[in-house]
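Peer 1: Below is the file data.cif, which contains mmCIF, C-alpha atoms and all ligand atoms.
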```cif
data_final
loop_
_atom_site.label_atom_id
_atom_site.label_comp_id
_atom_site.auth_asym_id
_atom_site.auth_seq_id
_atom_site.Cartn_x
_atom_site.Cartn_y
_atom_site.Cartn_z
CA MET A 1 5.44 -33.47 -0.28
CA CYS A 2 3.99 -36.77 -1.39
CA SER A 3 3.61 -39.04 1.65
CA ARG A 4 3.54 -42.34 -0.26
CA ASP A 5 6.44 -44.74 0.15
CA CYS A 6 6.21 -45.65 -3.54
CA CYS A 7 6.95 -42.11 -4.55
CA ASN A 8 10.30 -40.41 -5.10
CA ASN A 9 8.67 -37.01 -5.54
CA LYS A 10 9.99 -34.79 -2.74
CA GLY A 11 8.53 -31.57 -4.17
CA PRO A 12 5.20 -29.99 -3.22
CA VAL A 13 2.20 -32.11 -4.22
CA SER A 14 0.41 -30.28 -6.97
CA ARG A 15 -3.38 -30.25 -6.81
CA THR A 16 -4.00 -29.93 -10.52
CA LYS A 17 -7.02 -31.19 -12.41
CA GLU A 18 -5.01 -34.31 -13.16
CA GLY A 19 -4.02 -34.68 -9.48
CA ASN A 20 -0.73 -36.09 -8.27
CA PRO A 21 0.15 -38.66 -10.93
CA CYS A 22 1.77 -41.03 -8.43
CA GLU A 23 -1.40 -41.40 -6.29
CA LYS A 24 -4.50 -43.40 -7.18
CA LYS A 25 -7.53 -41.09 -7.55
CA THR A 26 -10.26 -41.58 -4.94
CA GLN A 27 -13.61 -39.82 -4.49
CA LYS A 28 -12.15 -37.71 -1.66
CA GLN A 29 -9.22 -36.54 -3.71
CA GLU A 30 -11.50 -35.42 -6.52
CA SER A 31 -13.30 -33.13 -4.04
CA GLU A 32 -9.94 -31.72 -2.89
CA ILE A 33 -9.10 -30.38 -6.34
CA ILE A 34 -8.51 -26.66 -5.96
CA VAL A 35 -10.00 -24.52 -8.69
CA PRO A 36 -8.90 -20.87 -8.56
CA THR A 37 -11.73 -18.44 -7.83
CA PRO A 38 -12.46 -16.17 -10.80
CA GLN A 39 -11.39 -12.64 -9.93
CA SER A 40 -14.88 -11.15 -10.24
CA LEU A 41 -16.17 -13.48 -7.50
CA LEU A 42 -13.59 -12.41 -4.89
CA TYR A 43 -15.72 -9.46 -3.77
CA PRO A 44 -19.43 -10.04 -4.47
CA TYR A 45 -21.74 -7.02 -4.75
CA GLU A 46 -23.12 -7.57 -1.24
CA VAL A 47 -19.64 -7.46 0.33
CA ILE A 48 -18.79 -4.24 -1.52
CA GLN A 49 -22.14 -2.80 -0.37
CA GLU A 50 -21.33 -3.68 3.25
CA ILE A 51 -17.97 -1.91 3.05
CA ALA A 52 -19.55 1.14 1.40
CA ASP A 53 -22.29 1.28 4.08
CA PHE A 54 -19.61 1.08 6.79
CA ILE A 55 -17.81 4.09 5.30
CA VAL A 56 -20.89 6.21 4.55
CA LYS A 57 -22.40 5.54 8.00
CA GLY A 58 -19.07 5.99 9.77
CA SER A 59 -18.28 9.29 8.06
CA GLY A 60 -21.81 10.68 7.65
CA ILE A 61 -20.73 11.70 4.15
CA ARG A 62 -21.73 10.53 0.67
CA PRO A 63 -18.64 11.40 -1.40
CA LYS A 64 -18.86 12.51 -5.02
CA ILE A 65 -15.16 12.42 -5.91
CA GLY A 66 -12.76 9.56 -5.15
CA ILE A 67 -9.01 10.16 -5.10
CA ILE A 68 -6.31 7.47 -5.23
CA CYS A 69 -2.97 8.81 -3.98
CA GLY A 70 0.10 7.58 -5.88
CA SER A 71 3.44 6.67 -4.30
CA GLY A 72 4.62 9.56 -2.14
CA LEU A 73 1.49 11.56 -2.97
CA GLY A 74 -0.37 10.82 0.26
CA SER A 75 -0.55 14.56 0.95
CA LEU A 76 -3.43 14.69 -1.56
CA ALA A 77 -5.50 13.24 1.27
CA ASP A 78 -3.99 15.55 3.92
CA ILE A 79 -5.66 18.61 2.33
CA ILE A 80 -9.15 17.17 2.94
CA GLN A 81 -11.12 19.23 5.43
CA ASN A 82 -13.03 17.79 8.40
CA PRO A 83 -11.45 14.43 7.70
CA LYS A 84 -12.86 11.18 8.99
CA VAL A 85 -10.03 8.67 8.80
CA PHE A 86 -10.44 4.89 8.50
CA ASP A 87 -7.34 2.72 8.85
CA TYR A 88 -7.55 -0.07 6.29
CA GLU A 89 -7.20 -2.70 9.06
CA LYS A 90 -10.38 -1.38 10.67
CA ILE A 91 -12.47 -1.55 7.49
CA PRO A 92 -14.18 -4.93 7.16
CA ASN A 93 -12.86 -7.05 4.28
CA PHE A 94 -10.26 -4.44 3.25
CA PRO A 95 -6.69 -5.44 2.28
CA VAL A 96 -3.68 -3.78 3.91
CA SER A 97 -1.07 -1.57 2.18
CA THR A 98 2.41 -3.04 2.18
CA VAL A 99 4.35 -0.47 0.13
CA GLU A 100 6.43 2.39 1.53
CA GLY A 101 4.73 5.68 0.68
CA HIS A 102 1.24 4.15 0.89
CA ALA A 103 -0.03 4.80 4.43
CA GLY A 104 -3.08 2.53 4.37
CA ARG A 105 -5.87 4.93 5.33
CA LEU A 106 -9.12 6.04 3.78
CA VAL A 107 -9.85 9.73 4.34
CA VAL A 108 -13.40 11.05 3.88
CA GLY A 109 -14.29 14.74 4.12
CA THR A 110 -14.60 17.86 1.99
CA LEU A 111 -12.34 19.58 -0.51
CA GLU A 112 -13.29 22.91 -2.08
CA GLY A 113 -16.82 22.30 -0.80
CA ALA A 114 -17.13 18.91 -2.49
CA ASN A 115 -17.59 15.64 -0.62
CA VAL A 116 -14.55 13.48 -1.32
CA MET A 117 -12.91 10.25 -0.23
CA ALA A 118 -9.23 9.49 -0.74
CA MET A 119 -7.19 6.31 -0.57
CA GLN A 120 -3.91 7.10 1.13
CA GLY A 121 -2.37 3.87 -0.11
CA ARG A 122 -3.32 1.72 -3.08
CA PHE A 123 -2.92 -1.97 -3.76
CA HIS A 124 -0.56 -3.33 -6.39
CA PHE A 125 -0.44 -6.63 -8.24
CA TYR A 126 3.17 -7.20 -7.15
CA GLU A 127 2.08 -7.16 -3.50
CA GLY A 128 0.48 -10.50 -4.25
CA TYR A 129 -3.08 -9.24 -4.67
CA PRO A 130 -5.16 -10.28 -7.68
CA LEU A 131 -6.16 -7.32 -9.86
CA ALA A 132 -9.80 -7.50 -8.71
CA LYS A 133 -8.58 -7.05 -5.14
CA CYS A 134 -6.30 -4.17 -6.15
CA SER A 135 -9.21 -2.30 -7.71
CA MET A 136 -11.98 -3.42 -5.32
CA PRO A 137 -11.91 -0.01 -3.52
CA VAL A 138 -13.03 1.64 -6.77
CA ARG A 139 -16.27 -0.36 -6.56
CA VAL A 140 -16.57 0.63 -2.91
CA MET A 141 -16.24 4.26 -4.01
CA LYS A 142 -18.99 3.71 -6.59
CA LEU A 143 -21.40 2.30 -4.01
CA CYS A 144 -20.53 5.15 -1.64
CA GLY A 145 -21.84 7.50 -4.34
CA VAL A 146 -18.62 8.52 -6.10
CA GLU A 147 -19.10 9.76 -9.68
CA TYR A 148 -15.56 10.94 -10.46
CA LEU A 149 -12.36 8.95 -9.98
CA PHE A 150 -9.09 10.88 -9.70
CA ALA A 151 -6.26 8.31 -9.98
CA THR A 152 -2.71 9.54 -9.46
CA ASN A 153 0.58 7.71 -9.72
CA ALA A 154 4.34 8.04 -9.75
CA ALA A 155 5.76 6.90 -13.07
CA GLY A 156 8.94 6.68 -15.08
CA GLY A 157 9.13 9.02 -18.08
CA ILE A 158 9.83 7.23 -21.36
CA ASN A 159 9.01 10.15 -23.64
CA PRO A 160 12.39 11.89 -24.04
CA LYS A 161 10.69 15.30 -23.78
CA TYR A 162 9.53 14.59 -20.22
CA ALA A 163 11.61 15.84 -17.30
CA VAL A 164 11.63 14.65 -13.71
CA GLY A 165 8.91 16.52 -11.83
CA ASP A 166 6.66 16.95 -14.88
CA ILE A 167 3.04 15.92 -14.80
CA MET A 168 1.48 13.77 -17.51
CA LEU A 169 -2.31 13.92 -17.81
CA MET A 170 -3.32 10.43 -18.92
CA HIS A 171 -5.42 10.32 -22.05
CA ASP A 172 -4.96 6.61 -22.81
CA HIS A 173 -3.19 3.50 -21.60
CA VAL A 174 -1.54 0.30 -22.80
CA ASN A 175 -2.62 -2.53 -20.53
CA MET A 176 0.35 -4.91 -20.48
CA LEU A 177 -1.24 -7.15 -17.83
CA GLY A 178 -4.32 -7.31 -20.04
CA PHE A 179 -2.14 -8.39 -22.99
CA ALA A 180 -1.16 -11.35 -20.80
CA GLY A 181 -4.82 -12.21 -20.15
CA ASN A 182 -5.16 -10.69 -16.69
CA SER A 183 -8.14 -8.45 -15.91
CA PRO A 184 -9.94 -7.30 -12.74
CA LEU A 185 -13.18 -8.15 -14.60
CA GLN A 186 -12.18 -11.76 -15.33
CA GLY A 187 -14.92 -14.18 -14.27
CA PRO A 188 -18.73 -14.00 -14.23
CA ASN A 189 -20.00 -10.45 -14.77
CA ASP A 190 -22.37 -8.83 -12.25
CA PRO A 191 -24.49 -6.41 -14.33
CA ARG A 192 -25.21 -4.35 -11.18
CA PHE A 193 -21.67 -3.05 -11.64
CA GLY A 194 -21.61 -2.83 -15.42
CA PRO A 195 -21.69 -4.62 -18.77
CA ARG A 196 -19.87 -7.82 -19.78
CA PHE A 197 -17.85 -6.08 -22.50
CA PRO A 198 -17.11 -2.48 -21.49
CA ALA A 199 -15.64 -0.17 -24.13
CA LEU A 200 -12.47 1.66 -23.12
CA VAL A 201 -12.10 4.28 -25.84
CA ASN A 202 -12.76 7.67 -24.22
CA SER A 203 -11.90 6.26 -20.78
CA TYR A 204 -10.12 9.42 -19.75
CA ASN A 205 -12.62 12.27 -19.56
CA LYS A 206 -11.72 14.92 -22.15
CA ASP A 207 -13.48 17.78 -20.33
CA LEU A 208 -11.47 17.09 -17.20
CA ILE A 209 -8.21 16.90 -19.20
CA ASN A 210 -9.02 20.25 -20.83
CA LYS A 211 -9.91 21.80 -17.50
CA ALA A 212 -6.64 20.53 -16.02
CA ILE A 213 -4.70 22.08 -18.92
CA GLU A 214 -6.44 25.42 -18.29
CA ILE A 215 -5.67 25.16 -14.58
CA SER A 216 -2.00 24.39 -15.35
CA LYS A 217 -1.86 27.67 -17.31
CA THR A 218 -3.23 29.68 -14.40
CA MET A 219 -0.70 27.95 -12.15
CA GLY A 220 2.10 28.85 -14.60
CA ILE A 221 3.20 25.20 -14.97
CA GLU A 222 1.83 24.48 -18.45
CA SER A 223 5.31 23.88 -19.92
CA SER A 224 5.81 20.94 -17.53
CA VAL A 225 2.36 19.44 -18.06
CA HIS A 226 1.88 16.92 -20.88
CA VAL A 227 -0.92 14.75 -22.17
CA GLY A 228 0.20 11.18 -22.80
CA VAL A 229 -0.12 7.41 -22.66
CA TYR A 230 0.60 5.37 -19.52
CA SER A 231 1.38 1.69 -19.36
CA CYS A 232 1.12 -0.59 -16.34
CA LEU A 233 3.51 -3.51 -15.92
CA GLY A 234 3.29 -6.08 -13.15
CA GLY A 235 6.45 -5.04 -11.26
CA PRO A 236 8.02 -5.08 -8.75
CA THR A 237 11.08 -4.97 -10.99
CA TYR A 238 11.67 -1.77 -12.89
CA GLU A 239 11.92 -2.27 -16.64
CA THR A 240 14.87 -3.43 -18.72
CA ILE A 241 16.21 -1.20 -21.48
CA ALA A 242 14.77 -3.58 -24.11
CA GLU A 243 11.33 -3.39 -22.47
CA LEU A 244 11.49 0.40 -22.32
CA LYS A 245 12.48 0.57 -25.98
CA ALA A 246 9.52 -1.70 -26.84
CA LEU A 247 7.11 0.42 -24.79
CA ARG A 248 8.33 3.59 -26.48
CA MET A 249 7.79 1.99 -29.89
CA MET A 250 4.24 1.19 -28.80
CA GLY A 251 3.59 4.86 -28.09
CA VAL A 252 3.90 4.74 -24.32
CA ASP A 253 5.04 7.98 -22.63
CA ALA A 254 5.18 6.90 -18.98
CA VAL A 255 5.37 3.58 -17.18
CA GLY A 256 4.27 2.38 -13.77
CA MET A 257 2.77 -0.56 -11.90
CA SER A 258 -0.74 0.63 -11.10
CA THR A 259 -3.78 2.67 -12.15
CA VAL A 260 -4.87 0.80 -15.32
CA HIS A 261 -6.93 -1.86 -13.49
CA GLU A 262 -8.47 0.88 -11.33
CA VAL A 263 -9.47 2.79 -14.47
CA ILE A 264 -10.93 -0.38 -16.04
CA THR A 265 -12.99 -1.01 -12.91
CA ALA A 266 -14.14 2.62 -12.79
CA ARG A 267 -15.17 2.69 -16.44
CA HIS A 268 -16.97 -0.64 -16.06
CA CYS A 269 -19.24 1.01 -13.46
CA ASP A 270 -19.50 4.22 -15.50
CA MET A 271 -17.44 6.58 -13.38
CA LYS A 272 -15.82 9.62 -14.99
CA VAL A 273 -12.05 9.24 -14.84
CA PHE A 274 -9.26 11.78 -14.48
CA ALA A 275 -5.74 10.41 -14.02
CA PHE A 276 -2.24 11.80 -13.96
CA SER A 277 1.31 10.57 -13.58
CA LEU A 278 3.98 12.49 -11.73
CA ILE A 279 7.20 11.76 -13.61
CA THR A 280 9.54 10.75 -10.80
CA ASN A 281 12.41 9.41 -12.91
CA LYS A 282 13.57 9.38 -16.48
CA CYS A 283 13.72 5.93 -18.06
CA ALA A 284 16.86 5.19 -20.05
CA THR A 285 16.14 3.76 -23.49
CA GLU A 286 19.81 3.32 -24.48
CA TYR A 287 22.42 1.08 -22.87
CA SER A 288 24.99 2.76 -20.64
CA ASP A 289 26.98 2.05 -17.49
CA LYS A 290 25.63 5.08 -15.65
CA LYS A 291 24.23 4.21 -12.21
CA ASP A 292 21.92 7.24 -12.68
CA ASP A 293 19.91 5.22 -15.18
CA GLU A 294 18.69 2.85 -12.50
CA ALA A 295 15.26 3.68 -11.09
CA SER A 296 14.84 3.48 -7.32
CA HIS A 297 11.85 3.79 -5.01
CA ASP A 298 13.82 6.25 -2.83
CA GLU A 299 14.13 8.57 -5.83
CA VAL A 300 10.45 8.09 -6.66
CA MET A 301 9.47 9.05 -3.10
CA ALA A 302 11.84 12.03 -2.95
CA VAL A 303 10.56 13.54 -6.21
CA ALA A 304 6.95 12.96 -5.18
CA LYS A 305 7.61 14.74 -1.88
CA ASN A 306 9.14 17.69 -3.75
CA ARG A 307 6.20 18.01 -6.13
CA GLN A 308 3.35 17.21 -3.74
CA LYS A 309 2.37 20.88 -3.31
CA THR A 310 1.89 21.32 -7.06
CA CYS A 311 -0.06 18.07 -7.34
CA CYS A 312 -2.30 19.09 -4.42
CA GLU A 313 -3.01 22.45 -6.03
CA LEU A 314 -3.89 20.85 -9.38
CA VAL A 315 -6.25 18.38 -7.71
CA SER A 316 -7.90 21.03 -5.48
CA ARG A 317 -8.49 23.38 -8.38
CA LEU A 318 -9.98 20.63 -10.54
CA VAL A 319 -12.27 19.57 -7.69
CA ALA A 320 -13.32 23.23 -7.35
CA GLU A 321 -14.14 23.33 -11.09
CA ILE A 322 -16.30 20.19 -10.80
CA GLN A 323 -18.04 21.62 -7.74
CA LYS A 324 -18.69 24.90 -9.57
CA THR A 325 -20.51 23.18 -12.40
CA ALA A 326 -22.40 20.72 -10.17
O1 LIG B 1 1.79 3.66 -9.12
P1 LIG B 1 2.16 4.12 -7.75
O2 LIG B 1 1.35 3.49 -6.69
O3 LIG B 1 2.15 5.63 -7.66
O4 LIG B 1 3.67 3.64 -7.47
C1 LIG B 1 4.72 3.55 -8.41
O5 LIG B 1 5.90 3.60 -7.64
C2 LIG B 1 6.31 2.28 -7.24
C3 LIG B 1 7.70 2.04 -7.73
O6 LIG B 1 8.60 2.99 -7.29
C4 LIG B 1 5.33 1.31 -7.92
O7 LIG B 1 4.35 0.91 -7.01
C5 LIG B 1 4.78 2.17 -9.04
O8 LIG B 1 3.50 1.73 -9.47
#
```
When written as structure tokens, how does the structure in this file appear?
Ligand SMILES: O=P(O)(O)O[C@H]1O[C@H](CO)[C@@H](O)[C@H]1O

Peer 2:
Amino acid sequence: MCSRDCCNNKGPVSRTKEGNPCEKKTQKQESEIIVPTPQSLLYPYEVIQEIADFIVKGSGIRPKIGIICGSGLGSLADIIQNPKVFDYEKIPNFPVSTVEGHAGRLVVGTLEGANVMAMQGRFHFYEGYPLAKCSMPVRVMKLCGVEYLFATNAAGGINPKYAVGDIMLMHDHVNMLGFAGNSPLQGPNDPRFGPRFPALVNSYNKDLINKAIEISKTMGIESSVHVGVYSCLGGPTYETIAELKALRMMGVDAVGMSTVHEVITARHCDMKVFAFSLITNKCATEYSDKKDDEASHDEVMAVAKNRQKTCCELVSRLVAEIQKTA
């Protein structure tokens, strides 16, 4: 509120470049002007290094594969052997998970003989975190030694051929937050992480996609595994019918509220990326009065719980393949 008697403005005083128009500018006020921190400066290299050292020293492990567990897919971290668990609150400078189905723990250990670390709980833009904060753990993974990022998510199926419970191997994305000018890389670039202008074609590693397809055949689930395009929206609202129609026209097969900024951050620092969506609900692209058409987080969680065994097997087998060729 403006404290001046001359002023009728009872709203919050805005600290813009122009200042509060009803107050005379003084030297002190100029220094109070709040300029938002560019995203890339939120977590400088040295801070990321400190977090990575904390994890590597605390676990005695230098992981090669990093796994991000999607909503309801926390069991991907439960299959890690000899786990060393770090609650996010206990990791210096780490955010906390606020979403149901995201426990908020980092699990470091081995899977199929490979050193791995898994985030049991990711950070989303709609939780109030800037994108650079959401994807900061990917840089921590990199400085821990991670070469491969496995990003998983729960997503709504827009492609009419997709059924609930299917898996979509991501081979591309449409970055809706990026269309609006938001990027985890916004701000000065630190070349120790990667280049100013990273290319994103070939972001999703083709060898890993092909291996996953082969694995799906040996598991007998190939008819419910697709290769498609994911799009991330800001959330937390699920999409309107008009938005879903627009996304479909753009070639999007599945929609969610995560993953893309993690992939951008991983590609910026030259990690190999494998990502998949578990289709937890079918998105309606026509108007109807059916309550069934409304997405709900309870449904998302229930489907993820039902399909967690299959997702765990796919991830374990792909890790085993990577380990075999290492
Ligand atoms: O992308 P993950 O974290 O799997 O979660 C998905 O599920 C939640 C909505 O039900 C959103 O957070 C959406 O992004």

Peer 1: Would you please work out which residue, of A:Lys272, A:Lys90, A:Lys84, A:Lys309, is nearest to A:Val107 when using only C-alpha atoms?

Peer 2: A:Lys84

Peer 1: Find the residues near A:Glu100: any atom within 9 Å, counting only C-alpha atoms, skip ones fewer than 3 places away on the same chain, and give them as a PyMOL selection string.

Peer 2: chain A and resi 71-72+97+103+297+301

Peer 1: If I take atom CA of A:Tyr148 and atom CA of A:Met271, how far is one from the other in Å, to one decimal?

Peer 2: 5.6 Å

Peer 1: Using all atoms listed in the file, find each residue with an atom at most 10 Å away from ligand LIG 1 (chain B) and format the answer as a JSON list (two decimals) with C-alpha atoms, in the coordinates of the input.

Peer 2:
```json
[["chain", "number", "residue", "atom", "x", "y", "z"],
["A", 68, "ILE", "CA", -6.31, 7.47, -5.23],
["A", 69, "CYS", "CA", -2.97, 8.81, -3.98],
["A", 70, "GLY", "CA", 0.10, 7.58, -5.88],
["A", 71, "SER", "CA", 3.44, 6.67, -4.30],
["A", 72, "GLY", "CA", 4.62, 9.56, -2.14],
["A", 73, "LEU", "CA", 1.49, 11.56, -2.97],
["A", 74, "GLY", "CA", -0.37, 10.82, 0.26],
["A", 99, "VAL", "CA", 4.35, -0.47, 0.13],
["A", 100, "GLU", "CA", 6.43, 2.39, 1.53],
["A", 101, "GLY", "CA", 4.73, 5.68, 0.68],
["A", 102, "HIS", "CA", 1.24, 4.15, 0.89],
["A", 121, "GLY", "CA", -2.37, 3.87, -0.11],
["A", 122, "ARG", "CA", -3.32, 1.72, -3.08],
["A", 123, "PHE", "CA", -2.92, -1.97, -3.76],
["A", 124, "HIS", "CA", -0.56, -3.33, -6.39],
["A", 125, "PHE", "CA", -0.44, -6.63, -8.24],
["A", 126, "TYR", "CA", 3.17, -7.20, -7.15],
["A", 127, "GLU", "CA", 2.08, -7.16, -3.50],
["A", 151, "ALA", "CA", -6.26, 8.31, -9.98],
["A", 152, "THR", "CA", -2.71, 9.54, -9.46],
["A", 153, "ASN", "CA", 0.58, 7.71, -9.72],
["A", 154, "ALA", "CA", 4.34, 8.04, -9.75],
["A", 155, "ALA", "CA", 5.76, 6.90, -13.07],
["A", 156, "GLY", "CA", 8.94, 6.68, -15.08],
["A", 232, "CYS", "CA", 1.12, -0.59, -16.34],
["A", 233, "LEU", "CA", 3.51, -3.51, -15.92],
["A", 234, "GLY", "CA", 3.29, -6.08, -13.15],
["A", 235, "GLY", "CA", 6.45, -5.04, -11.26],
["A", 236, "PRO", "CA", 8.02, -5.08, -8.75],
["A", 237, "THR", "CA", 11.08, -4.97, -10.99],
["A", 238, "TYR", "CA", 11.67, -1.77, -12.89],
["A", 255, "VAL", "CA", 5.37, 3.58, -17.18],
["A", 256, "GLY", "CA", 4.27, 2.38, -13.77],
["A", 257, "MET", "CA", 2.77, -0.56, -11.90],
["A", 258, "SER", "CA", -0.74, 0.63, -11.10],
["A", 259, "THR", "CA", -3.78, 2.67, -12.15],
["A", 260, "VAL", "CA", -4.87, 0.80, -15.32],
["A", 276, "PHE", "CA", -2.24, 11.80, -13.96],
["A", 277, "SER", "CA", 1.31, 10.57, -13.58],
["A", 278, "LEU", "CA", 3.98, 12.49, -11.73],
["A", 279, "ILE", "CA", 7.20, 11.76, -13.61],
["A", 280, "THR", "CA", 9.54, 10.75, -10.80],
["A", 281, "ASN", "CA", 12.41, 9.41, -12.91],
["A", 295, "ALA", "CA", 15.26, 3.68, -11.09],
["A", 296, "SER", "CA", 14.84, 3.48, -7.32],
["A", 297, "HIS", "CA", 11.85, 3.79, -5.01],
["A", 298, "ASP", "CA", 13.82, 6.25, -2.83],
["A", 299, "GLU", "CA", 14.13, 8.57, -5.83],
["A", 300, "VAL", "CA", 10.45, 8.09, -6.66],
["A", 301, "MET", "CA", 9.47, 9.05, -3.10],
["A", 304, "ALA", "CA", 6.95, 12.96, -5.18]]
```

Peer 1: Kindly indicate which residue among A:Asp292, A:Ala284, A:Glu147, A:Val315 lies nearest to A:Leu169, using all atoms listed in the file for the distances.

Peer 2: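 Checking each of A:Asp292, A:Ala284, A:Glu147, A:Val315 against A:Leu169, counting all atoms listed in the file, the winner is A:Val315.
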
Peer 1: What is the distance, in Å and to one decimal place, between atom CA of A:Cys134 and atom CA of A:Thr37?

Peer 2: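 About the pair atom CA of A:Cys134 and atom CA of A:Thr37: they are 15.4 Å apart.
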